[in-house]
Amino acid sequence: MLKHARRLFVSLGLAAATLVATIAPPAQAQIPYFQNLLAASQTKYAAIVVDAKSGEVLYAKHADSPRYPASITKIMTLYLTFEALASGKLRPDDRVVFSPHAAAQAPTKLGIRAGESVTVSEAMQAMAVKSANDAAVAMAEKLGGSESRFAALMTLRAQELGMQNTHFVNANGLPDSRQLTSARDIAILSRAVMRDYPQYYRLFSQQSFTFRGQTISNHNHLLGRMPGVDGLKTGFTNASGFNLAVSAVRDNRRLIAVVMGGPTTAQRDQNAEDLLLTGFDVMKRRSLGEKITVAQNLFEPEPTGPVVRGGSDQGDGDQDQLKIVLASATPPARASNIQIVEPKRAARIEKAEPKGRKAAAKADAWSVQVGEFRRRSDAKEQIALVEKKFGKHLGDANGDANRAGRRYQARFDGMSEAEAKSTCRAMKAKRLACEVIRS
């Protein structure tokens with residue numbers, strides 16, 4: 001009953017929205033407030049971390065500021081495709097015909113000629129994995145009759161889901177100043193996909209698919225690289241910067257992170273990974289009784305700077321013809337030094353020693369860990385920064401970057417238990433995340 005009522009509401013709203021789109025002045029008259037905000041924005045960056053189960057926001061930065069969605073738009077295009085499949089309006093083997101308008105879309109694209117077709121299943125994979133702009137428009141025309149009518153339906157569904165700052169005018173996210181969203185709204189949409197159509201969410205997990213003999217790789221580089229990551233979508237235009245909506249599972253907890261406006265793919269991906277790792281750490285520490293948020297673990301500002309890229313500004317930022325170049329010969333700075341504190345990965349085996357030496361060793365067998373990083377150089381940089389800010393509390397403790405699996409722990413060793421706890425308290429008072437551990 002509720003679903004029928006919702007479809008009736010959408011049908012009526014779609015008709016009204018189509019009429020409004022026909023008679024209303026373009027762009028500025030429809031949503032001038034958001035556009036003015038975006039023009040005045042000092043940064044493209046925005047981010048949010050959400051608990052997928054409860055919807056709780058663990059961290060937010062510029063989360064409600066207007067941003068260009070770029071190819072993340074296709075999550076909504078796919079959401080409505082999933083809805084049509086679930087209702088029986090569409091079948092996976094139905095054909096999707098490419099009109100001249102769809103075939104003329106800018107890359108990234110499948111390159112299907114006007115009049116030719118692919119299956120619904122192929123079109124969905126092309127959108128989720130390749131971020132194909134032509135497939136998105138072809139699907140929009142199949143479901144809505146025209147892309148503009150389908151975009152009106154996208155906006156109505158966004159409003160129904162609670163995406164208050166979102167307005168769509170096309171199905172693929174190619175540049176249009178009227179197409180706006182926010183990091184919070186993208187998190188709401190990502191959560192809705194998992195909640196409403198879990199049977200189709202696996203599309204976002206595919207690292208590649210084969211189309212007419214060609215293997216096409218996913219643009220989401222965290223798939224297969226960061227344990228637990230299983231979806232969603234990347235996006236890029238010159239105006240938006242590098243966007244990513246990503247979800248991961250760890251210890252039966254699922255988090256969603258959205259990063260928008262990254263200067264490079266590398267910084268965007270690193271920031272998203274760090275946010276997820278920090279979020280999982282916070283969830284674990286909460287389960288142990290700590291009252292803590294992701295924000296309390298932040299120590300450095302968000303990644304900023306000009307978008308560094310080459311080639312066209314059309315389509316997705318990871319497309320083949322775009323070459324990511326460095327702004328200078330100096331390697332780019334780390335996207336975000338978010339402090340990661342994880343439990344020790346393996347129990348340590350104590351070797352038998354003479355009682356005197358063992359007792360002396362135990363007295364100084366405590367450490368303070370101040371972060372965990374992908375690169376040793378980042379851990380060393382963090383150690384130097386902490387030494388500069390907290391040198392009087394560290395005493396004779398030795399700072400070092402200790403290898404832990406594929407990451408490096410920034411730690412200060414050689415403290416007594418009392419010294420380690422006192423030092424960590426001083427750090428937390430200055431909002432630096434730390435953990436006291438026994439060496």
# chains A, B, ... in the order shown; residues from 1 in each chain; ligands from 1
call {"tool": "select_by_dssp", "arguments": {"residues": "range 77-157 of chain A", "states": "strand (DSSP E)", "output": "PDB file with N, CA and C atoms, in the first residue's frame"}}
result
ATOM      1  N   ARG A  95      16.137  -4.749 -23.805  1.00  0.00           N
ATOM      2  CA  ARG A  95      17.100  -3.983 -24.589  1.00  0.00           C
ATOM      3  C   ARG A  95      16.970  -2.488 -24.291  1.00  0.00           C
ATOM      4  N   VAL A  96      18.120  -1.822 -24.230  1.00  0.00           N
ATOM      5  CA  VAL A  96      18.180  -0.374 -24.038  1.00  0.00           C
ATOM      6  C   VAL A  96      18.761   0.216 -25.326  1.00  0.00           C
ATOM      7  N   VAL A  97      17.900   0.944 -26.073  1.00  0.00           N
ATOM      8  CA  VAL A  97      18.306   1.499 -27.365  1.00  0.00           C
ATOM      9  C   VAL A  97      18.963   2.866 -27.154  1.00  0.00           C
ATOM     10  N   SER A 117      21.773  -1.198 -29.456  1.00  0.00           N
ATOM     11  CA  SER A 117      21.267  -1.403 -28.097  1.00  0.00           C
ATOM     12  C   SER A 117      22.157  -2.337 -27.306  1.00  0.00           C
ATOM     13  N   VAL A 118      21.971  -2.298 -25.999  1.00  0.00           N
ATOM     14  CA  VAL A 118      22.593  -3.240 -25.059  1.00  0.00           C
ATOM     15  C   VAL A 118      21.499  -3.730 -24.125  1.00  0.00           C
ATOM     16  N   THR A 119      21.786  -4.741 -23.331  1.00  0.00           N
ATOM     17  CA  THR A 119      20.794  -5.206 -22.366  1.00  0.00           C
ATOM     18  C   THR A 119      20.776  -4.282 -21.146  1.00  0.00           C
TER      19      THR A 119
END
call {"tool": "residues_around", "arguments": {"residues": "Thr77 in chain A", "least_positions_apart": "3", "cutoff": "12 Å", "atoms": "only C-alpha atoms", "output": "PyMOL selection string"}}
result
chain A and resi 71-74+80-84+123-124+127-128+131-133+135-144+147+150-155+157-158+168-173+189+193
call {"tool": "write_last_selection", "arguments": {"atoms": "C-alpha atoms", "output": "compact mmCIF listing (two decimals), in the first residue's frame"}}
result
# COMPACT_ATOMS: atom_id res chain seq x y z
CA SER A 71 29.40 10.95 -12.02
CA ILE A 72 28.16 10.09 -8.53
CA THR A 73 24.88 11.20 -10.16
CA LYS A 74 24.70 7.71 -11.65
CA LEU A 80 15.61 4.27 -10.22
CA THR A 81 16.72 1.42 -12.49
CA PHE A 82 16.74 -0.93 -9.50
CA GLU A 83 13.26 0.30 -8.60
CA ALA A 84 11.99 -0.52 -12.10
CA ALA A 123 23.84 -0.85 -19.17
CA MET A 124 23.83 -1.14 -15.37
CA MET A 127 27.19 2.80 -15.33
CA ALA A 128 28.44 1.21 -12.10
CA SER A 131 30.74 5.24 -15.40
CA ALA A 132 29.45 5.28 -18.98
CA ASN A 133 27.68 8.56 -19.75
CA ALA A 135 24.50 4.26 -21.03
CA ALA A 136 23.10 6.53 -18.30
CA VAL A 137 21.27 8.71 -20.82
CA ALA A 138 19.98 5.70 -22.77
CA MET A 139 18.58 4.21 -19.56
CA ALA A 140 17.05 7.55 -18.59
CA GLU A 141 15.27 7.77 -21.94
CA LYS A 142 14.00 4.20 -21.64
CA LEU A 143 12.54 4.78 -18.17
CA GLY A 144 11.45 8.42 -18.44
CA GLU A 147 16.40 12.62 -20.17
CA PHE A 150 13.85 11.39 -16.03
CA ALA A 151 15.95 14.09 -14.33
CA ALA A 152 12.74 15.56 -12.89
CA LEU A 153 11.92 12.12 -11.50
CA MET A 154 15.44 11.89 -10.05
CA THR A 155 14.95 15.18 -8.22
CA ARG A 157 12.95 10.83 -5.61
CA ALA A 158 15.86 12.69 -4.01
CA PHE A 168 19.27 16.95 -11.02
CA VAL A 169 19.08 18.06 -14.64
CA ASN A 170 20.84 15.13 -16.32
CA ALA A 171 21.31 11.42 -15.73
CA ASN A 172 25.09 11.13 -15.93
CA GLY A 173 26.61 14.08 -14.04
CA LEU A 189 21.38 8.14 -1.30
CA VAL A 193 20.55 1.93 -2.21
call {"tool": "residues_around", "arguments": {"residues": "Phe412 in chain A", "least_positions_apart": "2", "cutoff": "12 Å", "atoms": "only C-alpha atoms", "output": "ChimeraX atom specification"}}
result
/A:364-371,379-380,382-384,386-387,390-391,393-402,409-410,414-416,419-420,423-424,434-439
call {"tool": "closest_residue", "arguments": {"among": "A:Leu222, A:Ile188, A:Ala106, A:Leu180", "to": "Ile256 in chain A", "atoms": "only C-alpha atoms"}}
result
A:Ile188
call {"tool": "atom_distance", "arguments": {"atom1": "CA of Asp269 in chain A", "atom2": "CA of Leu244 in chain A"}}
result
7.7 Å
call {"tool": "select_by_dssp", "arguments": {"residues": "range 252-281 of chain A", "states": "alpha helix (DSSP H)", "output": "list in words"}}
result
Thr265, Ala266, Gln267, Arg268, Asp269, Gln270, Asn271, Ala272, Glu273, Asp274, Leu275, Leu276, Leu277, Thr278, Gly279, Phe280 and Asp281 of chain A
